[in-house]
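Engineer: If you scroll down you'll find the structure; I have some questions about it.
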Amino acid sequence: MSPGSNAPDDAAEPIEQHDTGESTKSNDADETTEPDSPYTLQREDGNETHHAFWADDVADSVEARDPEEPIVIKGGISPSGVPHLGNVNEIMRGYFVAEVLRERGHEVEQVFTGDDRDPLRGLPRTLCDLEGNLVDLGEVNAGALGRNLGSPYTDIPDPFGCCDSYGDHFSQIIRDSAAAVDVPIEFVSTTELYENGDLEEVTRHVLENRDTAREVLSAYQDKVEENGEYVPFNPICEECGKITETVTAIDLEAGTVEYRCTDMDAGDQTIEGCGHEGTATLREGKLPWRFEWPAQWQALGVDFEPFGKDHAEGSWPSGVDVAENVLGIEPPVPMVYEWFTLDGEPFSSSAGNVILVSDVLDLIEPEVLRYFFAKDPSKARDFSVERLDLLVDEFDRFESVYYGEVEADEDETAFAERVYPLVVDEPNEDRIRLPYTFAAVLGMTDDPELREEIARREGHIPEGASEQAIEDALARVEQARNWARRTENEFDYELKRGAIPDHDFDETIETALAELADFIEEGHGPDEIQEEIYETAKRHDVDMGSFFGAGYRLFFDEDQGPKLGPFLAKVDREFVVARLRRER
Ligand SMILES: [Zn+2]
Ligand SMILES: [Zn+2]
C-alpha cells in the first residue's frame with residue numbers, strides 16, 4: 001500500500017462557484033468588528049466555555065438570536081457541475097446544528113438552495129450522469145452547452161437528456177447525496193424563488209434603494225464604483241436567453257426594467273450579448289450574487305448558514321453590509337468551515353481528483369462518513385481514499401469509546417458520548433465491526449462461508465453473535481473489497497479457490513512447496529509462516545523471488561500478491577496445505 005498522503009491542504013479550490021467573473025477588492029470595513037466575524041469556531045477566546053461538540057457552540061449562538069420557529073438553517077450551491085464530496089460538507093455541517101437544535105426542543109427546517117439562476121460561465125471539462133459516472137464533455141451534447149453560455153442553469157437543456165435542465169440534473173445529484181447520508185433537506189431552486197415571486201419584494205426594495213446599494217457594494221467591488229450607472233439587477237434577455245448586465249431604465253410602478261443585451265465578462269473570456277433591447281419583469285432576471293445571498297436570507301428567514309472560506313473573505317462581509325444597511329435585516333449566524341482535500345490534492349473534476357458521495361458509500365458505511373463531518377470544521381483535513389482504513393479504524397475506536405470498551409481520555413470520551421448518537425441511526429451495543437484491512441483480506445475470496453469462517457477463527461465474530469450482527473459485519477467485506485479494487489492496493493487480489501491455476505515449477509520449487517505445506521500443516525502463526533517461507537527457500541537454494549512467485553501463482557494466479565505468510569495463516573489450513581501440494 002502506498003504510504004498515503006495526509007498532507008494538510010494549503011491550496012484548496014472553492015467548492016462553490018458564484019459570480020466568479022466579478023472583480024473583488026479587500027473591504028475597508030473594520031475587520032476586528034466582533035459580530036461580523038464568521039470565524040465563530042476558530043476564535044481562541046479563553047473566557048468562553050466550549051461544548052464537547054462544536055455544533056452545540058453554534059446552537060448557543062443561534063438561540064442567542066431568539067429566533068422565531070421554525071429555525072431556518074441554510075446551505076447552498078451553484079449547480080455548475082459535478083457535485084462532489086466537498087459539497088456535502090455544507091449539508092452535513094448544517095445538519096448537525098439542526099439536530100442539536102431539534103434535541104433542544106426547537107422546530108428546525110434545513111433548506112438548501114440550488115443557486116440555479118446563475119449563468120453558465122464556462123464549459124466544464126467533466127460532467128457526471130445521475131449514477132455518478134464521470135463523463136467527458138466530448139461524450140455529451142456539448143454544442144447545446146456552448147450555445148447556452150451566459151444563460152441560467154435552469155434554462156439550459158440537460159446534456160444527458162434525463163432532467164428538465166442542466167441545473168436540475170446537478171441539483172438532483174445533490175438531493176440524492178443528501179438522501180444517501182440520510183439528511184432531510186428541503187431543496188429550494190433559486191430560479192423558482194424568482195419565478196414564484198418569493199424574491200420580488202426584496203428585489204424591488206434593492207432597486208428602490210439602488211443608490212444605497214451601489215454605495216454599499218462599491219466598498220467591495222471596483223467595477224461598481226467605476227460604473228455610475230450600476231443597477232443591481234440582471235434581466236434575462238428575451239431574445240437570446242442570456243443574463244444581461246445593462247439595465248437602461250427602471251419602472252418600479254410597473255415592476256419592470258428596460259435592458260440592452262450587452263457582452264458579459266466571464267473570467268478570461270467574453271460572452272457576447274445579442275444587442276436586443278427589451279423589457280423584463282422583476283421575476284425575469286436575478287440579483288447579482290452579492291445581493292442574492294442576503295435576499296435569500298430575508299425571503300427564507302435564515303438563522304444560520306455555514307460556508308467555505310472563499311465566502312468568508314468575499315461575499316460574507318458584503319452580505320452582512322447589504323443585509324444591515326440595504327435590507328435592514330439581521331444576517332444569520334455564520335460559520336466558516338475549512339475545505340478538505342482528497343488524497344492530498346484539491347478537489348478538481350477536470351483533473352479527475354473528485355469523488356461523489358455515491359462512490360464513497362460503496363467503500364464505507366454512511367455512519368463513518370457522517371462521523372468524518374462531525375469532526376471540528378475549523379480544521380483543514382484530508383479525505384484519503386488511499387488510507388480509508390485509517391478513517392474507519394478511527395470511527396471504530398470512536399464507537400468503542402462510546403460503549404466504554406476501550407480506554408480514552410476525558411475529551412475523547414465526552415466527544416464520543418455527545419456525538420455518537422447523532423452519527424449512528426440506531427446505536428446497538430451488540431454490533432460487530434471487522435477491522436477494515438481484515439475485511440479487505442476476506443474480500444480476496446468470493447466464498448461467503450469462508451469469509452465467515454475466517455472471521456470466526458480470527459476471533460472477530462464472538463460466540464453467540466446474532467445472525468443479523470454477523471450479516472451486518474460481513475457487509476463491510478464488500479466495501480473493503482471495492483476499496484482494494486479502486487485503489488489497487490495490497491488487498492486487490494482474488495483468491496483462486498475453485499481450481500488450481502496453471503503453473504510450471506521446477507522440481508526444486510515443487511519439493512520446497514511440499515515442505516512448506518508440511519510446516520503449515522503442523523499449525524503455526526503468521527510470522528512463523530512468513531519466516532519459514534524464507535528459510536525453506538534458503539534450504540533449497542531457491543531464488544526468493546521465484547519462491548514467492550510460485551506461491552502467488554498457486555493462490556492468486558498472479559506474479560505478486562499480499563504478504564504471503566500472514567495471508568496463508570488466515571485462510572483455512574486444509575486448503576492451503578492441499579494447494580501447496582498442488583492436489584486441488
Ligand atoms: Zn439529468
Ligand atoms: Zn440577448
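Residue numbering restarts at 1 in every chain; chains get A, B, ... in the order shown in the C-alpha cells, and ligands count up from 1 in that same order.
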8 Å from ligand 1 is the threshold here; counting only C-alpha atoms and all ligand atoms, which polymer residues fall inside it? Answer as a PyMOL selection string.

Structural biologist: chain A and resi 129-130+158-166+168-170+172

Engineer: Using only C-alpha atoms and all ligand atoms, which protein or nucleic acid residues are at most 10 Å from ligand 2, as a ChimeraX atom specification?

Structural biologist: /A:150-151,235-244,259-263,272-278

Engineer: Atom CA of A:Arg433 and atom CA of A:Val385, how far apart in Å?

Structural biologist: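 For atom CA of A:Val385 relative to atom CA of A:Arg433, the distance reads 19.4 Å.
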
Engineer: Would you give me, as CSV, each residue of stretch 94-197 of chain A having an atom within 9 Å of an atom of stretch 412-422 of chain A, along with its shortest atom pair and that distance in Å to one decimal, using only C-alpha atoms and sorting by chain and residue number?

Structural biologist:
```
residue,atom,partner,partner_atom,distance
A:Phe96,CA,A:Leu422,CA,7.5
A:Glu99,CA,A:Leu422,CA,7.6
A:Val100,CA,A:Leu422,CA,8.6
```

Engineer: Let's have the selection written as a PDB file, in the first residue's frame, with C-alpha atoms.

Structural biologist:
```
ATOM      1  CA  PHE A  96     -25.562  18.606  12.949  1.00  0.00           C
ATOM      2  CA  GLU A  99     -30.159  18.080  15.033  1.00  0.00           C
ATOM      3  CA  VAL A 100     -28.732  19.746  18.132  1.00  0.00           C
TER       4      VAL A 100
END
```

Engineer: Rank A:Leu516, A:Ile509, A:Ala142, A:Ala440 by their smallest atom-to-atom distance to A:Asp541, using only C-alpha atoms, and report the top residue only.

Structural biologist: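 Nearest to A:Asp541: A:Ile509.
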
Engineer: Mind the document's chain letters and residue numbers, and return as a PyMOL selection string the residues of stretch 190-306 of chain A that DSSP labels alpha helix (DSSP H).

Structural biologist: chain A and resi 190-195+200-208+210-218+222-226+289-300

Engineer: Output C-alpha atoms of each residue in that selection to a file, as an mmCIF file, in the first residue's frame.

Structural biologist:
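Listed below is the output, selection30.cif:
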```cif
data_model
loop_
_atom_site.group_PDB
_atom_site.id
_atom_site.type_symbol
_atom_site.label_atom_id
_atom_site.label_comp_id
_atom_site.auth_asym_id
_atom_site.auth_seq_id
_atom_site.Cartn_x
_atom_site.Cartn_y
_atom_site.Cartn_z
ATOM 1 C CA THR A 190 -33.483 29.883 -6.638
ATOM 2 C CA THR A 191 -34.970 30.098 -10.129
ATOM 3 C CA GLU A 192 -38.291 29.018 -8.631
ATOM 4 C CA LEU A 193 -37.976 31.633 -5.896
ATOM 5 C CA TYR A 194 -37.741 34.272 -8.632
ATOM 6 C CA GLU A 195 -40.478 32.767 -10.781
ATOM 7 C CA GLU A 200 -39.870 40.047 -5.899
ATOM 8 C CA GLU A 201 -40.381 42.210 -2.834
ATOM 9 C CA VAL A 202 -36.729 42.194 -1.861
ATOM 10 C CA THR A 203 -35.687 42.793 -5.495
ATOM 11 C CA ARG A 204 -37.993 45.785 -5.624
ATOM 12 C CA HIS A 205 -36.558 47.067 -2.350
ATOM 13 C CA VAL A 206 -32.998 46.774 -3.636
ATOM 14 C CA LEU A 207 -33.928 48.663 -6.824
ATOM 15 C CA GLU A 208 -35.781 51.328 -4.855
ATOM 16 C CA ARG A 210 -30.208 51.347 -5.601
ATOM 17 C CA ASP A 211 -28.133 54.382 -4.645
ATOM 18 C CA THR A 212 -27.545 52.959 -1.193
ATOM 19 C CA ALA A 213 -26.983 49.502 -2.693
ATOM 20 C CA ARG A 214 -24.383 50.895 -5.092
ATOM 21 C CA GLU A 215 -22.640 52.790 -2.325
ATOM 22 C CA VAL A 216 -22.521 49.763 -0.022
ATOM 23 C CA LEU A 217 -21.262 47.380 -2.703
ATOM 24 C CA SER A 218 -18.676 49.813 -4.053
ATOM 25 C CA ASP A 222 -14.179 48.144 -8.089
ATOM 26 C CA LYS A 223 -16.489 47.817 -11.068
ATOM 27 C CA VAL A 224 -19.407 49.152 -9.077
ATOM 28 C CA GLU A 225 -17.568 52.328 -8.198
ATOM 29 C CA GLU A 226 -16.380 52.867 -11.764
ATOM 30 C CA TRP A 289 -24.850 37.190 -6.088
ATOM 31 C CA ARG A 290 -23.708 39.792 -3.548
ATOM 32 C CA PHE A 291 -27.371 40.819 -3.211
ATOM 33 C CA GLU A 292 -28.972 37.491 -3.977
ATOM 34 C CA TRP A 293 -27.431 35.813 -0.938
ATOM 35 C CA PRO A 294 -28.743 38.376 1.590
ATOM 36 C CA ALA A 295 -32.048 38.411 -0.329
ATOM 37 C CA GLN A 296 -32.326 34.664 0.277
ATOM 38 C CA TRP A 297 -31.676 35.224 3.983
ATOM 39 C CA GLN A 298 -34.596 37.618 4.061
ATOM 40 C CA ALA A 299 -37.008 35.651 1.886
ATOM 41 C CA LEU A 300 -36.294 32.337 3.631
#
```

Engineer: Please provide as a PyMOL selection string all residues within 10 Å of A:Leu101, with the sequence filter that same-chain residues fewer than 4 positions apart are discarded (counting only C-alpha atoms).

Structural biologist: chain A and resi 55-56+58-60+62-63+71+95-97+105-108

Engineer: Store the residues of this selection in a file with N, CA and C atoms, as a PDB file, in the first residue's frame.

Structural biologist:
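Wrote it out as again.pdb, contents follow:
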```
ATOM      1  N   ALA A  55     -21.128  21.785  17.267  1.00  0.00           N
ATOM      2  CA  ALA A  55     -22.497  22.152  16.868  1.00  0.00           C
ATOM      3  C   ALA A  55     -23.288  22.707  18.064  1.00  0.00           C
ATOM      4  N   ASP A  56     -22.896  22.311  19.273  1.00  0.00           N
ATOM      5  CA  ASP A  56     -23.550  22.871  20.457  1.00  0.00           C
ATOM      6  C   ASP A  56     -23.170  24.347  20.639  1.00  0.00           C
ATOM      7  N   VAL A  58     -22.434  26.391  18.181  1.00  0.00           N
ATOM      8  CA  VAL A  58     -23.181  27.117  17.154  1.00  0.00           C
ATOM      9  C   VAL A  58     -24.643  27.257  17.584  1.00  0.00           C
ATOM     10  N   ALA A  59     -25.205  26.174  18.123  1.00  0.00           N
ATOM     11  CA  ALA A  59     -26.604  26.216  18.549  1.00  0.00           C
ATOM     12  C   ALA A  59     -26.816  27.280  19.624  1.00  0.00           C
ATOM     13  N   ASP A  60     -25.833  27.449  20.514  1.00  0.00           N
ATOM     14  CA  ASP A  60     -25.919  28.519  21.521  1.00  0.00           C
ATOM     15  C   ASP A  60     -26.081  29.878  20.846  1.00  0.00           C
ATOM     16  N   VAL A  62     -27.158  30.511  17.844  1.00  0.00           N
ATOM     17  CA  VAL A  62     -28.456  30.623  17.158  1.00  0.00           C
ATOM     18  C   VAL A  62     -29.544  30.946  18.182  1.00  0.00           C
ATOM     19  N   GLU A  63     -29.510  30.271  19.310  1.00  0.00           N
ATOM     20  CA  GLU A  63     -30.521  30.531  20.355  1.00  0.00           C
ATOM     21  C   GLU A  63     -30.414  31.953  20.894  1.00  0.00           C
ATOM     22  N   ILE A  71     -36.808  27.423  13.180  1.00  0.00           N
ATOM     23  CA  ILE A  71     -35.473  27.964  12.940  1.00  0.00           C
ATOM     24  C   ILE A  71     -35.039  27.479  11.553  1.00  0.00           C
ATOM     25  N   TYR A  95     -26.633  20.070   9.087  1.00  0.00           N
ATOM     26  CA  TYR A  95     -27.443  19.000   9.677  1.00  0.00           C
ATOM     27  C   TYR A  95     -27.164  18.831  11.172  1.00  0.00           C
ATOM     28  N   PHE A  96     -25.886  18.821  11.534  1.00  0.00           N
ATOM     29  CA  PHE A  96     -25.562  18.606  12.949  1.00  0.00           C
ATOM     30  C   PHE A  96     -26.114  19.734  13.821  1.00  0.00           C
ATOM     31  N   VAL A  97     -26.028  20.957  13.310  1.00  0.00           N
ATOM     32  CA  VAL A  97     -26.583  22.082  14.075  1.00  0.00           C
ATOM     33  C   VAL A  97     -28.106  21.935  14.163  1.00  0.00           C
ATOM     34  N   GLY A 105     -35.454  21.027  21.551  1.00  0.00           N
ATOM     35  CA  GLY A 105     -36.888  21.278  21.525  1.00  0.00           C
ATOM     36  C   GLY A 105     -37.356  22.262  20.472  1.00  0.00           C
ATOM     37  N   HIS A 106     -36.454  22.674  19.576  1.00  0.00           N
ATOM     38  CA  HIS A 106     -36.867  23.637  18.549  1.00  0.00           C
ATOM     39  C   HIS A 106     -37.376  22.924  17.298  1.00  0.00           C
ATOM     40  N   GLU A 107     -38.219  23.648  16.585  1.00  0.00           N
ATOM     41  CA  GLU A 107     -38.623  23.174  15.277  1.00  0.00           C
ATOM     42  C   GLU A 107     -37.598  23.739  14.295  1.00  0.00           C
ATOM     43  N   VAL A 108     -37.031  22.900  13.479  1.00  0.00           N
ATOM     44  CA  VAL A 108     -35.952  23.346  12.596  1.00  0.00           C
ATOM     45  C   VAL A 108     -36.207  22.903  11.163  1.00  0.00           C
TER      46      VAL A 108
END
```

Engineer: Skipping near chain neighbours, those fewer than 5 positions away, what residues fall within 12 Å of A:Ala514 using only C-alpha atoms, listed as a PyMOL selection string?

Structural biologist: chain A and resi 507-509+519-521+533+536-537+540+550-551+576-583

Engineer: Could you write out the selected residues, including C-alpha atoms, as a compact mmCIF listing (two decimals), in the first residue's frame?

Structural biologist:
```txt
# COMPACT_ATOMS: atom_id res chain seq x y z
CA GLU A 507 11.42 -29.92 -9.21
CA THR A 508 13.28 -27.97 -6.52
CA ILE A 509 10.43 -25.50 -6.13
CA PHE A 519 5.24 -26.95 8.16
CA ILE A 520 1.89 -25.20 7.81
CA GLU A 521 0.05 -28.47 8.49
CA ILE A 533 8.95 -19.28 3.58
CA THR A 536 12.59 -23.07 3.03
CA ALA A 537 13.76 -21.12 0.01
CA HIS A 540 16.67 -25.49 -1.17
CA ALA A 550 5.21 -19.70 -7.05
CA GLY A 551 3.02 -19.01 -4.03
CA VAL A 576 -3.59 -24.09 1.97
CA VAL A 577 -1.80 -27.37 2.57
CA ALA A 578 -3.55 -29.13 -0.32
CA ARG A 579 -2.86 -26.22 -2.66
CA LEU A 580 0.85 -26.11 -1.76
CA ARG A 581 0.94 -29.84 -2.53
CA ARG A 582 -0.86 -28.97 -5.76
CA GLU A 583 -3.57 -31.53 -5.03
```
